[in-house]
Every structure is written in structure tokens, then in C-alpha cells.
$ cat protein_5.cif   # mmCIF, C-alpha atoms; chains and numbers go by the auth columns
data_final
#
loop_
_atom_site.group_PDB
_atom_site.id
_atom_site.type_symbol
_atom_site.label_atom_id
_atom_site.label_comp_id
_atom_site.label_asym_id
_atom_site.label_seq_id
_atom_site.Cartn_x
_atom_site.Cartn_y
_atom_site.Cartn_z
_atom_site.B_iso_or_equiv
_atom_site.auth_seq_id
_atom_site.auth_asym_id
ATOM 1 C CA MET A 1 17.981 8.835 -13.397 0.00 1 A
ATOM 2 C CA ALA A 2 17.750 5.057 -13.575 0.00 2 A
ATOM 3 C CA PHE A 3 14.324 3.375 -13.557 0.00 3 A
ATOM 4 C CA ALA A 4 13.551 -0.361 -13.513 0.00 4 A
ATOM 5 C CA ARG A 5 10.354 -1.303 -15.348 0.00 5 A
ATOM 6 C CA GLY A 6 7.718 -3.757 -14.178 0.00 6 A
ATOM 7 C CA THR A 7 7.135 -7.380 -15.119 0.00 7 A
ATOM 8 C CA SER A 8 6.817 -8.196 -18.834 0.00 8 A
ATOM 9 C CA GLU A 9 7.138 -4.568 -19.950 0.00 9 A
ATOM 10 C CA PRO A 10 9.355 -4.070 -23.032 0.00 10 A
ATOM 11 C CA PRO A 11 12.893 -2.704 -22.559 0.00 11 A
ATOM 12 C CA GLY A 12 12.937 0.896 -21.402 0.00 12 A
ATOM 13 C CA VAL A 13 11.346 2.479 -18.351 0.00 13 A
ATOM 14 C CA GLY A 14 7.793 1.159 -18.829 0.00 14 A
ATOM 15 C CA ILE A 15 4.464 2.977 -18.527 0.00 15 A
ATOM 16 C CA ILE A 16 4.812 4.011 -14.870 0.00 16 A
ATOM 17 C CA GLY A 17 8.437 4.940 -15.394 0.00 17 A
ATOM 18 C CA GLN A 18 7.648 7.150 -18.387 0.00 18 A
ATOM 19 C CA ALA A 19 4.955 9.010 -16.448 0.00 19 A
ATOM 20 C CA PHE A 20 7.441 9.487 -13.593 0.00 20 A
ATOM 21 C CA VAL A 21 10.085 10.801 -16.014 0.00 21 A
ATOM 22 C CA GLU A 22 7.653 13.292 -17.557 0.00 22 A
ATOM 23 C CA SER A 23 6.633 14.588 -14.128 0.00 23 A
ATOM 24 C CA LEU A 24 10.273 14.814 -13.071 0.00 24 A
ATOM 25 C CA ARG A 25 11.211 16.825 -16.140 0.00 25 A
ATOM 26 C CA THR A 26 8.351 19.239 -15.566 0.00 26 A
ATOM 27 C CA GLN A 27 9.094 19.740 -11.877 0.00 27 A
ATOM 28 C CA ALA A 28 12.890 19.770 -12.158 0.00 28 A
ATOM 29 C CA PHE A 29 13.060 22.442 -14.899 0.00 29 A
ATOM 30 C CA PRO A 30 15.412 24.203 -15.674 0.00 30 A
ATOM 31 C CA ARG A 31 17.514 21.172 -14.770 0.00 31 A
ATOM 32 C CA THR A 32 17.803 18.454 -17.405 0.00 32 A
ATOM 33 C CA VAL A 33 16.862 14.848 -16.654 0.00 33 A
ATOM 34 C CA GLY A 34 18.696 12.039 -18.437 0.00 34 A
ATOM 35 C CA VAL A 35 17.046 8.615 -18.352 0.00 35 A
ATOM 36 C CA HIS A 36 18.411 5.064 -18.178 0.00 36 A
ATOM 37 C CA GLY A 37 16.001 2.152 -18.470 0.00 37 A
ATOM 38 C CA VAL A 38 17.509 -0.550 -16.281 0.00 38 A
ATOM 39 C CA ASN A 39 18.708 -3.453 -18.392 0.00 39 A
ATOM 40 C CA TYR A 40 17.254 -6.634 -16.891 0.00 40 A
ATOM 41 C CA PRO A 41 14.856 -9.366 -18.083 0.00 41 A
ATOM 42 C CA ALA A 42 11.727 -8.245 -16.137 0.00 42 A
ATOM 43 C CA SER A 43 10.341 -11.699 -16.922 0.00 43 A
ATOM 44 C CA ASN A 44 7.357 -13.339 -15.270 0.00 44 A
ATOM 45 C CA ASP A 45 9.512 -16.239 -14.064 0.00 45 A
ATOM 46 C CA PHE A 46 8.773 -15.601 -10.400 0.00 46 A
ATOM 47 C CA PHE A 47 9.678 -19.005 -9.035 0.00 47 A
ATOM 48 C CA GLY A 48 12.872 -20.975 -8.625 0.00 48 A
ATOM 49 C CA PRO A 49 16.057 -19.069 -9.418 0.00 49 A
ATOM 50 C CA GLY A 50 14.462 -16.906 -12.121 0.00 50 A
ATOM 51 C CA PHE A 51 13.197 -14.075 -9.922 0.00 51 A
ATOM 52 C CA THR A 52 16.427 -13.879 -7.944 0.00 52 A
ATOM 53 C CA LEU A 53 18.547 -13.800 -11.096 0.00 53 A
ATOM 54 C CA ASN A 54 16.367 -11.056 -12.566 0.00 54 A
ATOM 55 C CA VAL A 55 16.721 -8.922 -9.471 0.00 55 A
ATOM 56 C CA VAL A 56 20.479 -9.462 -9.252 0.00 56 A
ATOM 57 C CA ASP A 57 20.983 -8.593 -12.929 0.00 57 A
ATOM 58 C CA GLY A 58 18.919 -5.445 -12.599 0.00 58 A
ATOM 59 C CA SER A 59 20.563 -4.318 -9.372 0.00 59 A
ATOM 60 C CA ARG A 60 23.993 -4.742 -10.919 0.00 60 A
ATOM 61 C CA ASP A 61 22.951 -2.651 -13.924 0.00 61 A
ATOM 62 C CA VAL A 62 21.642 0.143 -11.675 0.00 62 A
ATOM 63 C CA LEU A 63 24.879 0.301 -9.711 0.00 63 A
ATOM 64 C CA ASP A 64 27.130 0.043 -12.773 0.00 64 A
ATOM 65 C CA HIS A 65 25.178 2.834 -14.487 0.00 65 A
ATOM 66 C CA ILE A 66 25.520 5.159 -11.501 0.00 66 A
ATOM 67 C CA ARG A 67 29.244 4.472 -11.203 0.00 67 A
ATOM 68 C CA GLY A 68 29.679 5.206 -14.907 0.00 68 A
ATOM 69 C CA VAL A 69 27.706 8.455 -14.861 0.00 69 A
ATOM 70 C CA VAL A 70 29.414 9.818 -11.758 0.00 70 A
ATOM 71 C CA SER A 71 32.861 8.980 -13.118 0.00 71 A
ATOM 72 C CA VAL A 72 32.179 11.033 -16.260 0.00 72 A
ATOM 73 C CA CYS A 73 29.922 13.750 -14.778 0.00 73 A
ATOM 74 C CA PRO A 74 30.972 14.197 -11.133 0.00 74 A
ATOM 75 C CA HIS A 75 28.428 16.965 -10.485 0.00 75 A
ATOM 76 C CA THR A 76 25.430 14.866 -11.571 0.00 76 A
ATOM 77 C CA GLN A 77 22.746 13.961 -9.039 0.00 77 A
ATOM 78 C CA MET A 78 21.081 10.579 -9.563 0.00 78 A
ATOM 79 C CA ILE A 79 17.503 9.464 -8.945 0.00 79 A
ATOM 80 C CA ILE A 80 16.742 5.736 -8.722 0.00 80 A
ATOM 81 C CA GLY A 81 13.235 4.453 -9.334 0.00 81 A
ATOM 82 C CA GLY A 82 11.352 1.258 -9.999 0.00 82 A
ATOM 83 C CA TYR A 83 7.882 -0.201 -10.375 0.00 83 A
ATOM 84 C CA SER A 84 6.646 -3.605 -9.165 0.00 84 A
ATOM 85 C CA GLN A 85 9.385 -6.166 -9.884 0.00 85 A
ATOM 86 C CA GLY A 86 11.536 -3.200 -10.892 0.00 86 A
ATOM 87 C CA ALA A 87 10.958 -1.674 -7.462 0.00 87 A
ATOM 88 C CA MET A 88 12.533 -4.813 -5.994 0.00 88 A
ATOM 89 C CA VAL A 89 15.498 -4.337 -8.332 0.00 89 A
ATOM 90 C CA SER A 90 16.066 -0.761 -7.202 0.00 90 A
ATOM 91 C CA ALA A 91 15.383 -1.677 -3.578 0.00 91 A
ATOM 92 C CA PHE A 92 18.093 -4.343 -3.606 0.00 92 A
ATOM 93 C CA ALA A 93 20.481 -1.923 -5.319 0.00 93 A
ATOM 94 C CA THR A 94 20.163 0.387 -2.292 0.00 94 A
ATOM 95 C CA SER A 95 19.874 -2.242 0.444 0.00 95 A
ATOM 96 C CA ASP A 96 22.230 -4.106 2.744 0.00 96 A
ATOM 97 C CA VAL A 97 20.187 -7.287 2.115 0.00 97 A
ATOM 98 C CA LEU A 98 20.881 -9.695 -0.733 0.00 98 A
ATOM 99 C CA PRO A 99 18.268 -11.828 -2.490 0.00 99 A
ATOM 100 C CA GLY A 100 18.209 -15.387 -1.213 0.00 100 A
ATOM 101 C CA ASP A 101 20.598 -17.953 -2.641 0.00 101 A
ATOM 102 C CA VAL A 102 22.984 -15.328 -4.019 0.00 102 A
ATOM 103 C CA ALA A 103 26.619 -16.160 -3.390 0.00 103 A
ATOM 104 C CA PRO A 104 28.498 -13.147 -2.030 0.00 104 A
ATOM 105 C CA GLU A 105 31.081 -13.369 -4.801 0.00 105 A
ATOM 106 C CA SER A 106 28.386 -13.020 -7.488 0.00 106 A
ATOM 107 C CA ALA A 107 26.388 -10.279 -5.743 0.00 107 A
ATOM 108 C CA PRO A 108 26.340 -6.730 -7.095 0.00 108 A
ATOM 109 C CA ILE A 109 29.061 -4.541 -5.586 0.00 109 A
ATOM 110 C CA PRO A 110 27.523 -1.715 -3.486 0.00 110 A
ATOM 111 C CA LEU A 111 28.419 1.861 -4.291 0.00 111 A
ATOM 112 C CA PRO A 112 31.237 3.380 -2.262 0.00 112 A
ATOM 113 C CA ALA A 113 30.116 6.211 0.006 0.00 113 A
ATOM 114 C CA ASP A 114 31.503 8.983 -2.202 0.00 114 A
ATOM 115 C CA VAL A 115 29.498 7.694 -5.191 0.00 115 A
ATOM 116 C CA ALA A 116 26.366 6.909 -3.142 0.00 116 A
ATOM 117 C CA ASP A 117 26.373 10.569 -2.070 0.00 117 A
ATOM 118 C CA HIS A 118 25.375 11.392 -5.660 0.00 118 A
ATOM 119 C CA VAL A 119 22.097 9.476 -5.261 0.00 119 A
ATOM 120 C CA ALA A 120 19.618 12.194 -4.348 0.00 120 A
ATOM 121 C CA ALA A 121 16.450 10.086 -4.117 0.00 121 A
ATOM 122 C CA VAL A 122 15.065 6.555 -4.426 0.00 122 A
ATOM 123 C CA VAL A 123 11.375 6.306 -5.392 0.00 123 A
ATOM 124 C CA LEU A 124 9.638 2.918 -5.511 0.00 124 A
ATOM 125 C CA PHE A 125 6.109 2.238 -6.791 0.00 125 A
ATOM 126 C CA GLY A 126 4.190 -0.911 -5.848 0.00 126 A
ATOM 127 C CA LYS A 127 7.151 -2.797 -4.372 0.00 127 A
ATOM 128 C CA PRO A 128 6.161 -6.398 -3.524 0.00 128 A
ATOM 129 C CA THR A 129 5.649 -6.766 0.214 0.00 129 A
ATOM 130 C CA GLY A 130 4.272 -9.328 2.645 0.00 130 A
ATOM 131 C CA VAL A 131 2.428 -12.098 0.810 0.00 131 A
ATOM 132 C CA SER A 132 4.104 -11.181 -2.476 0.00 132 A
ATOM 133 C CA LEU A 133 7.553 -11.644 -0.956 0.00 133 A
ATOM 134 C CA ALA A 134 6.571 -15.069 0.347 0.00 134 A
ATOM 135 C CA LYS A 135 5.340 -16.011 -3.127 0.00 135 A
ATOM 136 C CA TYR A 136 8.654 -14.951 -4.699 0.00 136 A
ATOM 137 C CA LYS A 137 10.684 -16.419 -1.819 0.00 137 A
ATOM 138 C CA ALA A 138 12.458 -13.074 -1.523 0.00 138 A
ATOM 139 C CA PRO A 139 13.610 -11.406 1.712 0.00 139 A
ATOM 140 C CA ALA A 140 12.127 -8.174 2.976 0.00 140 A
ATOM 141 C CA VAL A 141 14.218 -5.245 1.804 0.00 141 A
ATOM 142 C CA GLY A 142 15.085 -2.137 3.751 0.00 142 A
ATOM 143 C CA ALA A 143 17.260 0.717 2.579 0.00 143 A
ATOM 144 C CA SER A 144 20.779 0.808 3.949 0.00 144 A
ATOM 145 C CA PRO A 145 21.539 3.757 6.260 0.00 145 A
ATOM 146 C CA ILE A 146 23.121 5.603 3.328 0.00 146 A
ATOM 147 C CA TYR A 147 19.789 5.742 1.479 0.00 147 A
ATOM 148 C CA ALA A 148 17.174 5.608 4.259 0.00 148 A
ATOM 149 C CA SER A 149 16.498 9.362 4.313 0.00 149 A
ATOM 150 C CA LYS A 150 16.393 9.468 0.502 0.00 150 A
ATOM 151 C CA LEU A 151 13.750 6.743 0.090 0.00 151 A
ATOM 152 C CA LEU A 152 10.046 7.077 -0.718 0.00 152 A
ATOM 153 C CA GLU A 153 7.901 3.951 -1.181 0.00 153 A
ATOM 154 C CA LEU A 154 4.440 4.442 -2.659 0.00 154 A
ATOM 155 C CA CYS A 155 1.664 1.829 -2.514 0.00 155 A
ATOM 156 C CA ALA A 156 -1.653 2.646 -4.174 0.00 156 A
ATOM 157 C CA PRO A 157 -4.866 2.067 -2.208 0.00 157 A
ATOM 158 C CA GLY A 158 -6.062 -1.458 -2.964 0.00 158 A
ATOM 159 C CA ASP A 159 -2.741 -2.591 -4.456 0.00 159 A
ATOM 160 C CA SER A 160 -2.429 -6.087 -3.036 0.00 160 A
ATOM 161 C CA VAL A 161 1.106 -6.520 -4.400 0.00 161 A
ATOM 162 C CA CYS A 162 2.541 -3.977 -1.989 0.00 162 A
ATOM 163 C CA SER A 163 -0.084 -4.217 0.746 0.00 163 A
ATOM 164 C CA THR A 164 1.000 -5.374 4.186 0.00 164 A
ATOM 165 C CA ASP A 165 -2.502 -6.762 4.808 0.00 165 A
ATOM 166 C CA PRO A 166 -2.437 -10.547 4.162 0.00 166 A
ATOM 167 C CA SER A 167 -6.219 -10.582 3.735 0.00 167 A
ATOM 168 C CA ALA A 168 -6.220 -7.911 1.016 0.00 168 A
ATOM 169 C CA PRO A 169 -7.947 -9.152 -2.154 0.00 169 A
ATOM 170 C CA VAL A 170 -5.865 -9.372 -5.311 0.00 170 A
ATOM 171 C CA ASP A 171 -6.450 -6.189 -7.313 0.00 171 A
ATOM 172 C CA LEU A 172 -4.185 -5.946 -10.341 0.00 172 A
ATOM 173 C CA VAL A 173 -6.057 -2.868 -11.561 0.00 173 A
ATOM 174 C CA ALA A 174 -4.908 -0.853 -8.540 0.00 174 A
ATOM 175 C CA HIS A 175 -1.368 -2.143 -9.076 0.00 175 A
ATOM 176 C CA GLY A 176 -1.282 -0.529 -12.514 0.00 176 A
ATOM 177 C CA GLU A 177 -2.781 2.873 -11.685 0.00 177 A
ATOM 178 C CA TYR A 178 0.252 4.837 -10.463 0.00 178 A
ATOM 179 C CA ALA A 179 0.318 6.901 -13.664 0.00 179 A
ATOM 180 C CA GLN A 180 -3.365 7.820 -13.209 0.00 180 A
ATOM 181 C CA ASN A 181 -3.755 8.250 -9.438 0.00 181 A
ATOM 182 C CA GLY A 182 -1.260 11.096 -8.988 0.00 182 A
ATOM 183 C CA MET A 183 1.424 9.059 -7.236 0.00 183 A
ATOM 184 C CA VAL A 184 4.000 9.515 -9.999 0.00 184 A
ATOM 185 C CA GLY A 185 3.673 13.249 -9.361 0.00 185 A
ATOM 186 C CA THR A 186 4.068 12.718 -5.627 0.00 186 A
ATOM 187 C CA GLY A 187 7.204 10.677 -6.242 0.00 187 A
ATOM 188 C CA ALA A 188 8.618 13.282 -8.597 0.00 188 A
ATOM 189 C CA THR A 189 7.949 16.068 -6.088 0.00 189 A
ATOM 190 C CA PHE A 190 9.849 14.139 -3.427 0.00 190 A
ATOM 191 C CA ALA A 191 12.773 13.447 -5.761 0.00 191 A
ATOM 192 C CA VAL A 192 13.037 17.056 -6.915 0.00 192 A
ATOM 193 C CA SER A 193 12.937 18.262 -3.309 0.00 193 A
ATOM 194 C CA ARG A 194 16.111 16.251 -2.708 0.00 194 A
ATOM 195 C CA LEU A 195 18.020 17.915 -5.559 0.00 195 A
ATOM 196 C CA PRO A 196 20.299 20.893 -4.987 0.00 196 A
ATOM 197 C CA VAL A 197 18.760 24.259 -5.815 0.00 197 A
ATOM 198 C CA PRO A 198 19.906 25.296 -9.303 0.00 198 A
ATOM 199 C CA PRO A 199 21.934 28.494 -9.541 0.00 199 A
ATOM 200 C CA PRO A 200 19.981 31.596 -10.603 0.00 200 A
ATOM 201 C CA PRO A 201 20.149 32.555 -14.271 0.00 201 A
ATOM 202 C CA PRO A 202 22.804 35.134 -15.116 0.00 202 A
ATOM 203 C CA GLY A 203 21.649 38.735 -14.975 0.00 203 A
ATOM 204 C CA PRO A 204 21.859 41.205 -17.853 0.00 204 A
ATOM 205 C CA PRO A 205 25.363 42.327 -18.812 0.00 205 A
ATOM 206 C CA LEU A 206 26.632 45.432 -17.101 0.00 206 A
ATOM 207 C CA SER A 207 26.713 48.526 -19.269 0.00 207 A
ATOM 208 C CA LEU A 208 29.735 50.769 -19.044 0.00 208 A
ATOM 209 C CA PRO A 209 29.224 54.536 -18.701 0.00 209 A
#
$ encode --input "protein_5.cif" --output "C-alpha cells"
Amino acid sequence: MAFARGTSEPPGVGIIGQAFVESLRTQAFPRTVGVHGVNYPASNDFFGPGFTLNVVDGSRDVLDHIRGVVSVCPHTQMIIGGYSQGAMVSAFATSDVLPGDVAPESAPIPLPADVADHVAAVVLFGKPTGVSLAKYKAPAVGASPIYASKLLELCAPGDSVCSTDPSAPVDLVAHGEYAQNGMVGTGATFAVSRLPVPPPPPGPPLSLP
């Protein structure tokens, strides 16, 4: 799986991402779950070109990672995830919409259909919506038809970052509670439900008379 961390978290998958990974590994057993922390700045430079460049860099890393994994392990199923700013990264990686002011020649190259088929699920936590998008001067993002049925977006009650209510009060506590409120487990359950059923374990060897 590839997971994009939230703003100002150190490189890796971040707190929400780690909780999601742990739930995935528990629910997906006996399958194994490899993890890639999306390589992007995740900086708090939300204005001017900074936010757009962050999102573009992260989206490119997501897509390059998936292409690389599928080329080496063609039977692998991929899960894409992200939290907060990282949810925007993963959303753009699976969308037909580009961030504003991105020249087409410098935009991340979408996955071809045969590689995109290896993406089993896309799970986004606290993706900026509504007022947050206006603040970041970013377009609304919808999954392309290839990913629409594979997408789950989760917004915690009271999380003003992903709320569609413009009058919602700012509540940064709610925005950080996905690891505590059970939603990482909900996301993992959805992702695992999209994976192929693993083959049954081999039976005991036959004994000859």
C-alpha cells in the first residue's frame, strides 16, 4: 500500500497512516501488507505555489511507486491512502482533475488501465473540502471512473477540514482523531473487502496405502 501523511508529519506514513496499516495487517491476514510512505514535503506552505507543488510531487510518487511494484510483482493488489493534505495527494493521484496552475507537461502521468486495475481500494481520511479548498486555492477532486467504485472518503464528526458545512467551527481536535474514533478500522475493512479472497491453505499430504 501507499499512504500519504498529513501536514508537518515526519517522513513515513504518519500517525493516522500507521494506525490504518496496523488495522489492515490484522484484517488482511494471512495476506502480507507492504507499506510505502509517500515521498513528498507535507509542508505547511498552504498558499501560493507551495501547496500545489506538494500535491503534485506526492501524486507523482504514488503513481511511480504503483507502476514500479506492479512491474516487479504483477499479482500484487495495491491500496492507496492518505490523511489531510496527504488525502489530497492520493485524491489527485486517482482523479481526472489537476491542481490549479499545473502545466500539463509537468503533471503526473496517470496509470494505464492495466496497471490501475491493480489498485484495489483508495481510502482517504479528512480530505480538505469546501472552505478548506478555497483557502488552499485547490479544485474539488473527484475520483476518475476507474477508481470511483474503489473509493472511500471518511470525515470525522466535527472535522471542519473535511466538512461541507461552511459554518462549521474550526475543530482541529476532531481532525486528528481518526486513529481513536474507529474510522481507521472502517477504512481497513473497506479496503480488505476489495481484495481477492486468498487461496485456502494446503491440506495435509495424502498418505499412500
$ atom_distance --input "protein_5.cif" --atom1 "atom CA of Ile15 of chain A" --atom2 "atom CA of Cys155 of chain A"
16.3 Å
$ closest_atom_pairs --input "protein_5.cif" --of "segment 108-157 of chain A" --to "segment 177-183 of chain A" --cutoff "10 Å" --atoms "all atoms listed in the file" --output "tab-separated table"
residue	atom	partner	partner_atom	distance
A:Phe125	CA	A:Tyr178	CA	7.4
A:Gly126	CA	A:Tyr178	CA	8.4
A:Leu154	CA	A:Met183	CA	7.2
A:Cys155	CA	A:Tyr178	CA	8.6
A:Ala156	CA	A:Tyr178	CA	6.9
A:Pro157	CA	A:Asn181	CA	9.6
$ residues_around --input "protein_5.cif" --residues "Ala4 of chain A" --least-positions-apart "2" --cutoff "6 Å" --atoms "only C-alpha atoms" --output "ChimeraX atom specification"
/A:38,82,86
$ atom_distance --input "protein_5.cif" --atom1 "atom CA of Gly68 of chain A" --atom2 "atom CA of Asn39 of chain A"
14.4 Å
$ atom_distance --input "protein_5.cif" --atom1 "atom CA of Ser163 of chain A" --atom2 "atom CA of Ser84 of chain A"
12.0 Å
$ resolve_selection --input "protein_5.cif" --expression "the PyMOL selection byres ((chain A and resi 1) around 8)" --output "list in words"
Ala2, Phe3, Val33, Gly34, Val35, His36, Met78, Ile79, Ile80 and Gly81 of chain A
$ closest_residue --input "protein_5.cif" --among "A:Ser59, A:Ser23, A:Thr7, A:Gln18" --to "Ser95 of chain A" --atoms "all atoms listed in the file"
A:Ser59
$ resolve_selection --input "protein_5.cif" --expression "the PyMOL selection byres ((chain A and resi 148) around 12)" --output "MDAnalysis selection string"
chainID A and resid 91 94:96 116 119:123 141:147 149:153
$ resolve_selection --input "protein_5.cif" --expression "the PyMOL selection byres ((chain A and resi 61) around 12)" --output "MDAnalysis selection string"
chainID A and resid 2:4 36:41 54:60 62:68 80 86 89:90 92:93 107:111
$ closest_residue --input "protein_5.cif" --among "A:Leu124, A:Ala28, A:Ala103, A:Ala113" --to "Val197 of chain A" --atoms "all atoms listed in the file"
A:Ala28
$ closest_residue --input "protein_5.cif" --among "A:Ser193, A:Gln77, A:Ser8, A:Val173" --to "Thr32 of chain A" --atoms "only C-alpha atoms"
A:Gln77
$ closest_residue --input "protein_5.cif" --among "A:Gly158, A:Gly185, A:Val70, A:Glu105" --to "Leu172 of chain A" --atoms "only C-alpha atoms"
A:Gly158
